[in-house]
>>> print(open('protein_29.cif').read())   # mmCIF, C-alpha atoms and all ligand atoms
data_target
loop_
_atom_site.group_PDB
_atom_site.id
_atom_site.type_symbol
_atom_site.label_atom_id
_atom_site.label_comp_id
_atom_site.auth_asym_id
_atom_site.auth_seq_id
_atom_site.Cartn_x
_atom_site.Cartn_y
_atom_site.Cartn_z
ATOM 1 C CA MET A 1 126.187 -13.576 104.641
ATOM 2 C CA PRO A 2 129.091 -11.184 104.098
ATOM 3 C CA GLU A 3 129.886 -9.966 100.609
ATOM 4 C CA PRO A 4 131.615 -12.895 98.887
ATOM 5 C CA ALA A 5 135.387 -12.448 98.977
ATOM 6 C CA ALA A 6 136.363 -14.764 96.126
ATOM 7 C CA ALA A 7 135.486 -14.457 92.432
ATOM 8 C CA TYR A 8 135.672 -17.184 89.818
ATOM 9 C CA GLY A 9 135.054 -15.424 86.483
ATOM 10 C CA ARG A 10 131.750 -17.248 86.073
ATOM 11 C CA LEU A 11 130.299 -14.429 83.938
ATOM 12 C CA GLN A 12 133.558 -13.392 82.284
ATOM 13 C CA ASP A 13 132.886 -10.839 79.495
ATOM 14 C CA TRP A 14 129.125 -11.173 79.863
ATOM 15 C CA ARG A 15 126.930 -8.138 79.411
ATOM 16 C CA ALA A 16 124.302 -7.758 82.114
ATOM 17 C CA LEU A 17 121.375 -5.434 82.725
ATOM 18 C CA VAL A 18 119.891 -5.073 86.219
ATOM 19 C CA THR A 19 116.754 -3.074 87.022
ATOM 20 C CA GLY A 20 116.334 -1.287 90.335
ATOM 21 C CA ALA A 21 120.114 -1.463 90.621
ATOM 22 C CA GLY A 22 120.347 1.152 93.359
ATOM 23 C CA SER A 23 119.421 0.582 96.974
ATOM 24 C CA GLN A 24 116.733 2.255 99.021
ATOM 25 C CA GLY A 25 119.058 3.601 101.672
ATOM 26 C CA ASP A 26 122.628 3.054 102.771
ATOM 27 C CA GLY A 27 123.705 -0.509 102.610
ATOM 28 C CA VAL A 28 123.092 -3.243 100.122
ATOM 29 C CA GLY A 29 119.693 -4.086 98.655
ATOM 30 C CA THR A 30 119.066 -6.922 96.264
ATOM 31 C CA GLY A 31 119.631 -4.997 93.021
ATOM 32 C CA ARG A 32 122.946 -3.633 94.299
ATOM 33 C CA ALA A 33 124.153 -7.029 95.560
ATOM 34 C CA ILE A 34 123.295 -8.731 92.257
ATOM 35 C CA SER A 35 125.041 -5.996 90.254
ATOM 36 C CA VAL A 36 128.194 -6.080 92.389
ATOM 37 C CA LEU A 37 128.378 -9.882 92.422
ATOM 38 C CA PHE A 38 127.870 -10.142 88.659
ATOM 39 C CA ALA A 39 130.557 -7.494 88.090
ATOM 40 C CA ARG A 40 132.970 -9.348 90.369
ATOM 41 C CA GLU A 41 132.325 -12.466 88.287
ATOM 42 C CA GLY A 42 133.452 -10.608 85.159
ATOM 43 C CA ALA A 43 130.280 -9.046 83.718
ATOM 44 C CA ARG A 44 129.891 -5.473 82.491
ATOM 45 C CA LEU A 45 126.796 -3.926 84.015
ATOM 46 C CA ALA A 46 124.054 -1.588 82.823
ATOM 47 C CA LEU A 47 122.381 -0.253 85.962
ATOM 48 C CA LEU A 48 118.782 0.902 85.417
ATOM 49 C CA ASP A 49 117.129 2.879 88.180
ATOM 50 C CA ARG A 50 114.840 5.858 88.580
ATOM 51 C CA ASP A 51 117.158 7.309 91.204
ATOM 52 C CA VAL A 52 120.521 8.280 89.695
ATOM 53 C CA GLU A 53 122.289 8.756 93.033
ATOM 54 C CA ARG A 54 121.329 5.308 94.273
ATOM 55 C CA ALA A 55 122.479 3.650 91.072
ATOM 56 C CA ALA A 56 125.670 5.745 91.057
ATOM 57 C CA ALA A 57 126.473 4.373 94.514
ATOM 58 C CA THR A 58 126.239 0.847 93.057
ATOM 59 C CA GLN A 59 128.425 1.936 90.140
ATOM 60 C CA ALA A 60 131.008 3.261 92.633
ATOM 61 C CA MET A 61 131.017 -0.044 94.541
ATOM 62 C CA ILE A 62 131.629 -1.889 91.279
ATOM 63 C CA ALA A 63 134.439 0.487 90.271
ATOM 64 C CA GLU A 64 136.096 0.033 93.696
ATOM 65 C CA ARG A 65 136.205 -3.687 92.960
ATOM 66 C CA GLY A 66 137.734 -3.186 89.509
ATOM 67 C CA GLY A 67 134.517 -3.705 87.536
ATOM 68 C CA GLU A 68 132.752 -1.627 84.907
ATOM 69 C CA ALA A 69 129.202 -0.299 85.043
ATOM 70 C CA ARG A 70 127.137 2.571 83.740
ATOM 71 C CA VAL A 71 123.915 4.117 85.032
ATOM 72 C CA PHE A 72 120.844 4.501 82.814
ATOM 73 C CA PRO A 73 118.148 6.499 84.627
ATOM 74 C CA ALA A 74 114.508 5.691 83.907
ATOM 75 C CA ASP A 75 111.148 5.244 85.539
ATOM 76 C CA LEU A 76 110.669 1.664 84.365
ATOM 77 C CA THR A 77 106.933 1.716 85.008
ATOM 78 C CA GLN A 78 106.672 3.920 81.901
ATOM 79 C CA PRO A 79 106.905 1.759 78.767
ATOM 80 C CA THR A 80 108.444 4.440 76.521
ATOM 81 C CA GLU A 81 111.038 5.435 79.128
ATOM 82 C CA ALA A 82 111.849 1.795 79.831
ATOM 83 C CA ALA A 83 112.336 1.029 76.127
ATOM 84 C CA ALA A 84 114.552 4.092 75.624
ATOM 85 C CA ALA A 85 116.755 3.245 78.636
ATOM 86 C CA VAL A 86 117.129 -0.370 77.528
ATOM 87 C CA ALA A 87 118.060 0.759 74.009
ATOM 88 C CA GLN A 88 120.759 3.075 75.408
ATOM 89 C CA ALA A 89 122.025 0.329 77.695
ATOM 90 C CA LEU A 90 122.207 -2.181 74.837
ATOM 91 C CA ALA A 91 124.079 0.311 72.668
ATOM 92 C CA TRP A 92 126.661 0.804 75.436
ATOM 93 C CA LEU A 93 126.934 -2.886 76.308
ATOM 94 C CA GLY A 94 127.079 -3.940 72.646
ATOM 95 C CA GLY A 95 124.565 -6.756 73.239
ATOM 96 C CA LEU A 96 123.111 -8.607 76.208
ATOM 97 C CA ASP A 97 123.746 -11.926 77.938
ATOM 98 C CA VAL A 98 121.686 -11.686 81.091
ATOM 99 C CA LEU A 99 118.757 -9.603 82.262
ATOM 100 C CA VAL A 100 117.767 -9.348 85.918
ATOM 101 C CA ASN A 101 114.362 -7.825 86.565
ATOM 102 C CA ASN A 102 114.938 -6.885 90.178
ATOM 103 C CA LEU A 103 112.692 -3.823 90.434
ATOM 104 C CA GLY A 104 109.813 -4.330 92.824
ATOM 105 C CA LEU A 105 108.246 -2.594 95.770
ATOM 106 C CA GLY A 106 105.542 -3.371 98.298
ATOM 107 C CA SER A 107 102.595 -1.193 97.302
ATOM 108 C CA GLY A 108 98.827 -1.204 96.993
ATOM 109 C CA GLY A 109 98.579 -2.599 100.528
ATOM 110 C CA ALA A 110 95.140 -1.346 101.503
ATOM 111 C CA ARG A 111 92.002 -3.473 101.858
ATOM 112 C CA LEU A 112 89.999 -3.610 98.639
ATOM 113 C CA GLU A 113 87.272 -1.212 99.740
ATOM 114 C CA GLU A 114 89.937 1.394 100.574
ATOM 115 C CA MET A 115 92.226 0.740 97.620
ATOM 116 C CA ALA A 116 92.435 3.486 95.021
ATOM 117 C CA ASP A 117 92.645 2.467 91.372
ATOM 118 C CA ALA A 118 96.019 4.181 91.211
ATOM 119 C CA ALA A 119 97.427 2.082 94.080
ATOM 120 C CA TRP A 120 96.426 -1.185 92.414
ATOM 121 C CA ALA A 121 97.835 0.001 89.072
ATOM 122 C CA GLN A 122 101.072 1.110 90.734
ATOM 123 C CA GLY A 123 101.494 -2.287 92.390
ATOM 124 C CA LEU A 124 101.174 -4.014 89.024
ATOM 125 C CA ASP A 125 103.383 -1.446 87.273
ATOM 126 C CA LEU A 126 106.245 -1.760 89.768
ATOM 127 C CA ASN A 127 106.176 -5.507 90.292
ATOM 128 C CA LEU A 128 105.011 -6.922 86.965
ATOM 129 C CA ASN A 129 104.622 -4.489 84.073
ATOM 130 C CA SER A 130 108.093 -2.948 84.397
ATOM 131 C CA ALA A 131 109.597 -6.435 83.937
ATOM 132 C CA VAL A 132 107.428 -6.978 80.861
ATOM 133 C CA PHE A 133 108.441 -3.602 79.355
ATOM 134 C CA VAL A 134 112.158 -4.184 79.980
ATOM 135 C CA THR A 135 112.142 -7.802 78.797
ATOM 136 C CA ARG A 136 110.252 -6.867 75.645
ATOM 137 C CA ALA A 137 112.825 -4.197 74.828
ATOM 138 C CA ALA A 138 115.728 -6.543 75.568
ATOM 139 C CA ILE A 139 114.525 -9.843 74.113
ATOM 140 C CA ALA A 140 116.057 -9.587 70.638
ATOM 141 C CA ALA A 141 119.473 -8.737 72.095
ATOM 142 C CA LEU A 142 119.161 -11.534 74.680
ATOM 143 C CA LEU A 143 118.401 -14.102 71.991
ATOM 144 C CA ALA A 144 121.482 -12.961 70.079
ATOM 145 C CA GLY A 145 123.731 -13.063 73.190
ATOM 146 C CA GLN A 146 125.791 -15.930 74.619
ATOM 147 C CA GLY A 147 124.172 -16.085 78.066
ATOM 148 C CA LYS A 148 120.507 -16.071 77.076
ATOM 149 C CA ALA A 149 119.342 -15.817 80.690
ATOM 150 C CA VAL A 150 116.556 -13.927 82.436
ATOM 151 C CA VAL A 151 116.241 -13.857 86.222
ATOM 152 C CA ASN A 152 113.131 -12.279 87.699
ATOM 153 C CA ILE A 153 113.103 -11.303 91.363
ATOM 154 C CA ALA A 154 109.661 -12.210 92.674
ATOM 155 C CA SER A 155 108.810 -12.851 96.337
ATOM 156 C CA VAL A 156 107.373 -15.459 98.667
ATOM 157 C CA ALA A 157 104.400 -13.073 98.552
ATOM 158 C CA GLY A 158 103.799 -14.462 95.057
ATOM 159 C CA LEU A 159 103.595 -17.995 96.494
ATOM 160 C CA ARG A 160 101.750 -17.404 99.785
ATOM 161 C CA ALA A 161 99.035 -14.834 100.460
ATOM 162 C CA HIS A 162 99.711 -12.048 102.955
ATOM 163 C CA GLY A 163 96.431 -10.159 102.550
ATOM 164 C CA VAL A 164 98.183 -7.043 101.256
ATOM 165 C CA GLY A 165 96.577 -6.258 97.903
ATOM 166 C CA ALA A 166 98.520 -5.738 94.698
ATOM 167 C CA TYR A 167 102.054 -6.859 95.638
ATOM 168 C CA GLY A 168 101.387 -10.606 95.956
ATOM 169 C CA PRO A 169 99.187 -10.938 92.865
ATOM 170 C CA ALA A 170 101.762 -8.981 90.833
ATOM 171 C CA LYS A 171 104.609 -11.212 92.053
ATOM 172 C CA ALA A 172 102.551 -14.349 91.335
ATOM 173 C CA ALA A 173 101.997 -13.064 87.810
ATOM 174 C CA LEU A 174 105.732 -12.323 87.504
ATOM 175 C CA ILE A 175 106.453 -15.972 88.359
ATOM 176 C CA GLN A 176 103.977 -17.093 85.693
ATOM 177 C CA PHE A 177 105.417 -14.562 83.218
ATOM 178 C CA THR A 178 108.793 -16.222 83.864
ATOM 179 C CA ARG A 179 107.360 -19.622 82.911
ATOM 180 C CA GLU A 180 105.742 -18.144 79.810
ATOM 181 C CA LEU A 181 109.121 -16.718 78.748
ATOM 182 C CA ALA A 182 110.751 -20.106 79.359
ATOM 183 C CA VAL A 183 108.235 -21.815 77.085
ATOM 184 C CA MET A 184 108.080 -19.057 74.470
ATOM 185 C CA TYR A 185 111.836 -18.766 73.950
ATOM 186 C CA GLY A 186 113.159 -22.131 75.196
ATOM 187 C CA PRO A 187 113.576 -23.461 71.643
ATOM 188 C CA GLN A 188 115.890 -20.489 70.958
ATOM 189 C CA GLY A 189 118.014 -21.330 73.999
ATOM 190 C CA LEU A 190 116.705 -18.678 76.397
ATOM 191 C CA ARG A 191 116.346 -19.689 80.043
ATOM 192 C CA ALA A 192 114.034 -17.739 82.334
ATOM 193 C CA ASN A 193 113.897 -18.348 86.074
ATOM 194 C CA ALA A 194 112.482 -16.573 89.094
ATOM 195 C CA ILE A 195 113.654 -16.168 92.660
ATOM 196 C CA ALA A 196 111.235 -15.818 95.549
ATOM 197 C CA PRO A 197 113.115 -14.084 98.362
ATOM 198 C CA GLY A 198 111.660 -14.530 101.818
ATOM 199 C CA HIS A 199 112.389 -12.285 104.786
ATOM 200 C CA ILE A 200 115.481 -10.524 103.552
ATOM 201 C CA LEU A 201 117.175 -7.838 105.628
ATOM 202 C CA THR A 202 117.696 -4.986 103.171
ATOM 203 C CA PRO A 203 118.080 -1.248 103.881
ATOM 204 C CA LEU A 204 114.359 -0.746 103.215
ATOM 205 C CA VAL A 205 113.339 -3.473 105.668
ATOM 206 C CA GLU A 206 115.819 -2.177 108.227
ATOM 207 C CA ARG A 207 113.991 1.158 108.067
ATOM 208 C CA PHE A 208 110.486 -0.115 108.721
ATOM 209 C CA ALA A 209 110.985 -3.298 110.782
ATOM 210 C CA GLY A 210 111.796 -2.822 114.469
ATOM 211 C CA PRO A 211 113.727 -5.359 116.572
ATOM 212 C CA ALA A 212 110.576 -7.346 117.483
ATOM 213 C CA ALA A 213 109.440 -7.638 113.867
ATOM 214 C CA ARG A 214 112.928 -8.674 112.791
ATOM 215 C CA GLU A 215 113.025 -11.317 115.509
ATOM 216 C CA THR A 216 109.680 -12.762 114.341
ATOM 217 C CA ARG A 217 110.875 -12.722 110.715
ATOM 218 C CA ARG A 218 113.999 -14.612 111.765
ATOM 219 C CA ARG A 219 112.271 -17.211 113.951
ATOM 220 C CA ILE A 220 109.413 -17.990 111.553
ATOM 221 C CA ALA A 221 111.924 -19.483 109.083
ATOM 222 C CA PRO A 222 113.025 -23.050 109.912
ATOM 223 C CA LEU A 223 116.697 -22.040 109.522
ATOM 224 C CA GLU A 224 116.157 -19.268 112.105
ATOM 225 C CA ILE A 225 118.596 -16.885 110.470
ATOM 226 C CA GLU A 226 118.056 -13.585 108.669
ATOM 227 C CA GLY A 227 118.612 -13.659 104.927
ATOM 228 C CA ASP A 228 120.298 -10.748 103.202
ATOM 229 C CA ALA A 229 120.755 -9.373 99.711
ATOM 230 C CA TRP A 230 123.900 -11.456 99.090
ATOM 231 C CA ASP A 231 121.859 -14.643 99.594
ATOM 232 C CA VAL A 232 119.555 -13.541 96.779
ATOM 233 C CA ALA A 233 122.505 -12.453 94.611
ATOM 234 C CA GLN A 234 124.172 -15.868 94.917
ATOM 235 C CA ALA A 235 120.975 -17.557 93.743
ATOM 236 C CA ALA A 236 120.700 -15.099 90.847
ATOM 237 C CA LEU A 237 124.308 -15.803 89.857
ATOM 238 C CA PHE A 238 123.663 -19.545 89.803
ATOM 239 C CA LEU A 239 120.441 -19.244 87.791
ATOM 240 C CA ALA A 240 122.039 -16.787 85.346
ATOM 241 C CA GLY A 241 125.223 -18.739 84.824
ATOM 242 C CA PRO A 242 126.107 -21.689 82.613
ATOM 243 C CA GLU A 243 125.923 -24.146 85.548
ATOM 244 C CA ALA A 244 122.118 -23.793 85.346
ATOM 245 C CA ARG A 245 121.969 -24.630 81.640
ATOM 246 C CA PHE A 246 119.219 -27.271 82.160
ATOM 247 C CA ILE A 247 117.096 -25.137 84.504
ATOM 248 C CA THR A 248 114.304 -22.983 83.147
ATOM 249 C CA GLY A 249 110.809 -21.973 84.199
ATOM 250 C CA ALA A 250 111.761 -22.554 87.838
ATOM 251 C CA CYS A 251 111.004 -20.410 90.873
ATOM 252 C CA LEU A 252 113.642 -20.794 93.577
ATOM 253 C CA PRO A 253 112.631 -19.701 97.072
ATOM 254 C CA VAL A 254 115.517 -18.067 98.951
ATOM 255 C CA ASP A 255 113.701 -17.941 102.239
ATOM 256 C CA GLY A 256 115.270 -20.007 105.004
ATOM 257 C CA GLY A 257 112.482 -22.554 104.535
ATOM 258 C CA VAL A 258 109.561 -20.246 105.221
ATOM 259 C CA THR A 259 107.550 -21.632 102.281
ATOM 260 C CA ALA A 260 108.441 -25.211 103.268
ATOM 261 C CA ILE A 261 107.019 -25.177 106.767
ATOM 262 C CA ALA A 262 103.315 -25.827 107.355
ATOM 263 C CA PRO A 263 101.515 -22.828 108.903
ATOM 264 C CA LEU A 264 100.466 -24.819 111.995
ATOM 265 C CA ALA A 265 103.998 -26.080 112.580
ATOM 266 C CA ALA A 266 105.360 -22.534 112.297
ATOM 267 C CA TYR A 267 102.713 -21.273 114.707
ATOM 268 C CA GLU A 268 103.460 -24.032 117.234
ATOM 269 C CA ARG A 269 107.188 -23.337 117.077
ATOM 270 C CA LEU A 270 106.686 -19.620 117.702
ATOM 271 C CA ALA A 271 104.004 -20.126 120.363
ATOM 272 C CA GLY A 272 106.045 -22.879 122.050
ATOM 273 C CA GLU A 273 109.149 -20.740 122.150
ATOM 274 C CA SER A 274 107.337 -17.678 123.440
ATOM 275 C CA ALA A 275 105.673 -19.806 126.177
ATOM 276 C CA THR A 276 109.093 -20.830 127.467
ATOM 277 C CA ARG A 277 110.646 -17.347 127.267
HETATM 278 N N1 LIG B 1 113.631 -6.895 100.886
HETATM 279 C C1 LIG B 1 112.905 -7.987 101.045
HETATM 280 O O1 LIG B 1 112.679 -8.496 102.153
HETATM 281 C C2 LIG B 1 112.293 -8.620 99.825
HETATM 282 C C3 LIG B 1 111.568 -9.794 100.003
HETATM 283 C C4 LIG B 1 111.010 -10.392 98.890
HETATM 284 C C5 LIG B 1 111.196 -9.857 97.637
HETATM 285 N N2 LIG B 1 111.893 -8.713 97.489
HETATM 286 C C6 LIG B 1 112.052 -8.182 96.141
HETATM 287 O O2 LIG B 1 113.416 -7.938 95.881
HETATM 288 C C7 LIG B 1 113.548 -6.859 94.958
HETATM 289 C C8 LIG B 1 114.471 -5.815 95.504
HETATM 290 O O3 LIG B 1 113.973 -5.283 96.720
HETATM 291 P P1 LIG B 1 114.901 -4.402 97.674
HETATM 292 O O4 LIG B 1 114.103 -4.087 98.885
HETATM 293 O O5 LIG B 1 116.214 -5.091 97.845
HETATM 294 O O6 LIG B 1 115.044 -3.085 96.834
HETATM 295 P P2 LIG B 1 116.393 -2.476 96.329
HETATM 296 O O7 LIG B 1 117.200 -2.038 97.514
HETATM 297 O O8 LIG B 1 116.991 -3.462 95.356
HETATM 298 O O9 LIG B 1 115.958 -1.142 95.595
HETATM 299 C C9 LIG B 1 115.115 -1.100 94.506
HETATM 300 C C10 LIG B 1 115.540 0.044 93.603
HETATM 301 O O10 LIG B 1 114.471 0.276 92.684
HETATM 302 C C11 LIG B 1 114.462 1.658 92.353
HETATM 303 N N3 LIG B 1 113.161 2.042 91.811
HETATM 304 C C12 LIG B 1 112.002 2.248 92.499
HETATM 305 N N4 LIG B 1 111.005 2.578 91.661
HETATM 306 C C13 LIG B 1 111.537 2.587 90.410
HETATM 307 C C14 LIG B 1 111.011 2.823 89.108
HETATM 308 N N5 LIG B 1 109.732 3.148 88.941
HETATM 309 N N6 LIG B 1 111.828 2.723 88.032
HETATM 310 C C15 LIG B 1 113.141 2.396 88.202
HETATM 311 N N7 LIG B 1 113.695 2.146 89.406
HETATM 312 C C16 LIG B 1 112.905 2.230 90.507
HETATM 313 C C17 LIG B 1 114.803 2.353 93.640
HETATM 314 O O11 LIG B 1 115.335 3.647 93.384
HETATM 315 C C18 LIG B 1 115.827 1.401 94.268
HETATM 316 O O12 LIG B 1 117.133 1.806 93.989
HETATM 317 C C19 LIG B 1 112.116 -6.343 94.704
HETATM 318 O O13 LIG B 1 111.610 -6.939 93.544
HETATM 319 C C20 LIG B 1 111.377 -6.836 95.934
HETATM 320 O O14 LIG B 1 109.993 -6.972 95.683
HETATM 321 C C21 LIG B 1 112.458 -8.078 98.558
#
>>> encode(input="protein_29.cif", output="structure tokens")
Amino acid sequence: MPEPAAAYGRLQDWRALVTGAGSQGDGVGTGRAISVLFAREGARLALLDRDVERAAATQAMIAERGGEARVFPADLTQPTEAAAAVAQALAWLGGLDVLVNNLGLGSGGARLEEMADAAWAQGLDLNLNSAVFVTRAAIAALLAGQGKAVVNIASVAGLRAHGVGAYGPAKAALIQFTRELAVMYGPQGLRANAIAPGHILTPLVERFAGPAARETRRRIAPLEIEGDAWDVAQAALFLAGPEARFITGACLPVDGGVTAIAPLAAYERLAGESATR
């Protein structure tokens, strides 16, 4: 979908922190789309990313739209660095209403017998541990804020196995971590939800997926359209905002129906279509 044109002040005066808020290439990845959409809805944004230039590009997009954001550089797989960046961000924001753990990256993809210890550890660090480090550093401020919302960006790879090593198990654990947060802090009013994006066309995917792969990704989803970062951002906005006040511990697939369709049905649709092409 195109970048939303209208804004409704749904997060007016909220303070938001987004991890992985840059984008891996020109264009709009999930962290950038979430940051821009939240800013358009009235939030002030702390942008955490290892890559200052990427996050600065998000900051510039927000400024162009009249919003306010600041970049806090950190490798969020390092607990001390993550805690220091969150502390700086909280000091600048003056509190916290919503945290989006967007950072994640496909990694540790080798078969087990070829997988180095470091690759497995990196997969868990990028897709699970960073969210734990950041949430731990932010939790007291979140509980004192007005929004009290956490949104974790997982993946359909955390719901369905792809045979790719660390990424899926880490995302599955992130979904369970989300539920644990919901139960742990629910009595204090905190809501924690996850999103499982499906085949989303982001700058990173655009780089590695050729036209044939993109066509398969599109057709395997019952809706037969390509999702993009704005689709994920809209779901994050809903789950973060007050309209979702009775929703916690949920994992919302944003996937065009790819986790709804039975594998055999998906296969028959693709095989049937290719037989008639
Ligand atoms: N793109 C997809 O198709 C897809 C599908 C399912 C789930 N997801 C999930 O969506 C999220 C966003 O993915 P994306 O492709 O849109 O990426 P993105 O474009 O949002 O970029 C991620 C950002 O993370 C930053 N980063 C990388 N390592 C870091 C580190 N150690 N510390 C701090 N920052 C770091 C990068 O500099 C980059 O700016 C991830 O959690 C990903 O797993 C994406």
>>> residues_around(input="protein_29.cif", residues="segment 61-75 of chain A", least_positions_apart="2", cutoff="8 Å", atoms="all atoms listed in the file", output="list in words")
Ser35, Val36, Ala39, Arg40, Gly42, Ala43, Arg44, Leu45, Ala46, Leu47, Leu48, Asp49, Arg50, Asp51, Val52, Ala55, Ala56, Ala57, Thr58, Gln59, Thr77, Gln78, Glu81, Ala82, Ala85, Gln88 and Ala89 of chain A
>>> residues_near_ligand(input="protein_29.cif", ligand="ligand LIG 1 (chain B)", cutoff="6 Å", atoms="only C-alpha atoms and all ligand atoms", output="PyMOL selection string")
chain A and resi 20-24+29-31+49-51+54+74-77+102-105+153-155+197-202+204-205
>>> atom_distance(input="protein_29.cif", atom1="atom CA of Ile261 of chain A", atom2="atom CA of Val151 of chain A")
25.2 Å
>>> resolve_selection(input="protein_29.cif", expression="the PyMOL selection byres (((chain A and resi 27) around 6) and not hetatm)", output="VMD selection string")
chain A and resid 26 28 203
>>> resolve_selection(input="protein_29.cif", expression="the PyMOL selection byres (((chain A and resi 98) around 7) and not hetatm)", output="PyMOL selection string")
chain A and resi 15-17+96-97+99-100+142+147-150+240
>>> closest_residue(input="protein_29.cif", among="A:Ala173, A:Val132, A:Met184, A:Val18", to="Leu37 of chain A", atoms="only C-alpha atoms")
A:Val18
>>> atom_distance(input="protein_29.cif", atom1="atom CA of Trp120 of chain A", atom2="atom CA of Pro169 of chain A")
10.1 Å
>>> closest_residue(input="protein_29.cif", among="A:Ala266, A:Ala119, A:Leu124, A:Ala83", to="Thr216 of chain A", atoms="all atoms listed in the file")
A:Ala266
>>> residues_around(input="protein_29.cif", residues="Gly123 of chain A", least_positions_apart="4", cutoff="8 Å", atoms="all atoms listed in the file", output="mmCIF file with C-alpha atoms, keeping the file's coordinate frame")
data_model
loop_
_atom_site.group_PDB
_atom_site.id
_atom_site.type_symbol
_atom_site.label_atom_id
_atom_site.label_comp_id
_atom_site.auth_asym_id
_atom_site.auth_seq_id
_atom_site.Cartn_x
_atom_site.Cartn_y
_atom_site.Cartn_z
ATOM 1 C CA LEU A 105 108.246 -2.594 95.770
ATOM 2 C CA GLY A 106 105.542 -3.371 98.298
ATOM 3 C CA SER A 107 102.595 -1.193 97.302
ATOM 4 C CA GLY A 108 98.827 -1.204 96.993
ATOM 5 C CA ALA A 119 97.427 2.082 94.080
ATOM 6 C CA ASN A 127 106.176 -5.507 90.292
ATOM 7 C CA LEU A 128 105.011 -6.922 86.965
ATOM 8 C CA ALA A 166 98.520 -5.738 94.698
ATOM 9 C CA TYR A 167 102.054 -6.859 95.638
ATOM 10 C CA ALA A 170 101.762 -8.981 90.833
#
>>> atom_distance(input="protein_29.cif", atom1="atom CA of Glu113 of chain A", atom2="atom CA of Val164 of chain A")
12.5 Å
>>> residues_near_point(input="protein_29.cif", point="(113.3, -20.3, 110.4)", cutoff="10 Å", atoms="all atoms listed in the file", output="compact mmCIF listing (two decimals) with C-alpha atoms, in the frame of the given file")
# COMPACT_ATOMS: atom_id res chain seq x y z
CA HIS A 199 112.39 -12.28 104.79
CA THR A 216 109.68 -12.76 114.34
CA ARG A 217 110.88 -12.72 110.72
CA ARG A 218 114.00 -14.61 111.76
CA ARG A 219 112.27 -17.21 113.95
CA ILE A 220 109.41 -17.99 111.55
CA ALA A 221 111.92 -19.48 109.08
CA PRO A 222 113.02 -23.05 109.91
CA LEU A 223 116.70 -22.04 109.52
CA GLU A 224 116.16 -19.27 112.10
CA ILE A 225 118.60 -16.89 110.47
CA GLU A 226 118.06 -13.58 108.67
CA ASP A 255 113.70 -17.94 102.24
CA GLY A 256 115.27 -20.01 105.00
CA GLY A 257 112.48 -22.55 104.54
CA VAL A 258 109.56 -20.25 105.22
CA ALA A 260 108.44 -25.21 103.27
CA ILE A 261 107.02 -25.18 106.77
CA ALA A 266 105.36 -22.53 112.30
CA ARG A 269 107.19 -23.34 117.08
CA LEU A 270 106.69 -19.62 117.70
>>> resolve_selection(input="protein_29.cif", expression="the PyMOL selection byres (((chain A and resi 179) around 10) and not hetatm)", output="PDB file with C-alpha atoms, keeping the file's coordinate frame")
ATOM      1  CA  ALA A 173     101.997 -13.064  87.810  1.00  0.00           C
ATOM      2  CA  LEU A 174     105.732 -12.323  87.504  1.00  0.00           C
ATOM      3  CA  ILE A 175     106.453 -15.972  88.359  1.00  0.00           C
ATOM      4  CA  GLN A 176     103.977 -17.093  85.693  1.00  0.00           C
ATOM      5  CA  PHE A 177     105.417 -14.562  83.218  1.00  0.00           C
ATOM      6  CA  THR A 178     108.793 -16.222  83.864  1.00  0.00           C
ATOM      7  CA  GLU A 180     105.742 -18.144  79.810  1.00  0.00           C
ATOM      8  CA  LEU A 181     109.121 -16.718  78.748  1.00  0.00           C
ATOM      9  CA  ALA A 182     110.751 -20.106  79.359  1.00  0.00           C
ATOM     10  CA  VAL A 183     108.235 -21.815  77.085  1.00  0.00           C
ATOM     11  CA  MET A 184     108.080 -19.057  74.470  1.00  0.00           C
ATOM     12  CA  GLY A 186     113.159 -22.131  75.196  1.00  0.00           C
ATOM     13  CA  ARG A 191     116.346 -19.689  80.043  1.00  0.00           C
ATOM     14  CA  ALA A 192     114.034 -17.739  82.334  1.00  0.00           C
ATOM     15  CA  ASN A 193     113.897 -18.348  86.074  1.00  0.00           C
ATOM     16  CA  ALA A 194     112.482 -16.573  89.094  1.00  0.00           C
ATOM     17  CA  THR A 248     114.304 -22.983  83.147  1.00  0.00           C
ATOM     18  CA  GLY A 249     110.809 -21.973  84.199  1.00  0.00           C
ATOM     19  CA  ALA A 250     111.761 -22.554  87.838  1.00  0.00           C
ATOM     20  CA  CYS A 251     111.004 -20.410  90.873  1.00  0.00           C
TER      21      CYS A 251
END
>>> closest_residue(input="protein_29.cif", among="A:Ala118, A:Leu11, A:Ala6, A:Ile139", to="Glu243 of chain A", atoms="all atoms listed in the file")
A:Leu11
>>> closest_residue(input="protein_29.cif", among="A:Arg10, A:Arg160, A:Arg136, A:Arg207", to="Gly25 of chain A", atoms="all atoms listed in the file")
A:Arg207
>>> closest_residue(input="protein_29.cif", among="A:Trp92, A:Phe38, A:Tyr185, A:Phe133", to="Thr80 of chain A", atoms="only C-alpha atoms")
A:Phe133
>>> axis_aligned_box(input="protein_29.cif", around="segment 211-219 of chain A", padding_each_side="5 Å", output="lines of an AutoDock Vina configuration file")
center_x = 111.7
center_y = -11.3
center_z = 114.1
size_x = 14.6
size_y = 21.9
size_z = 16.8
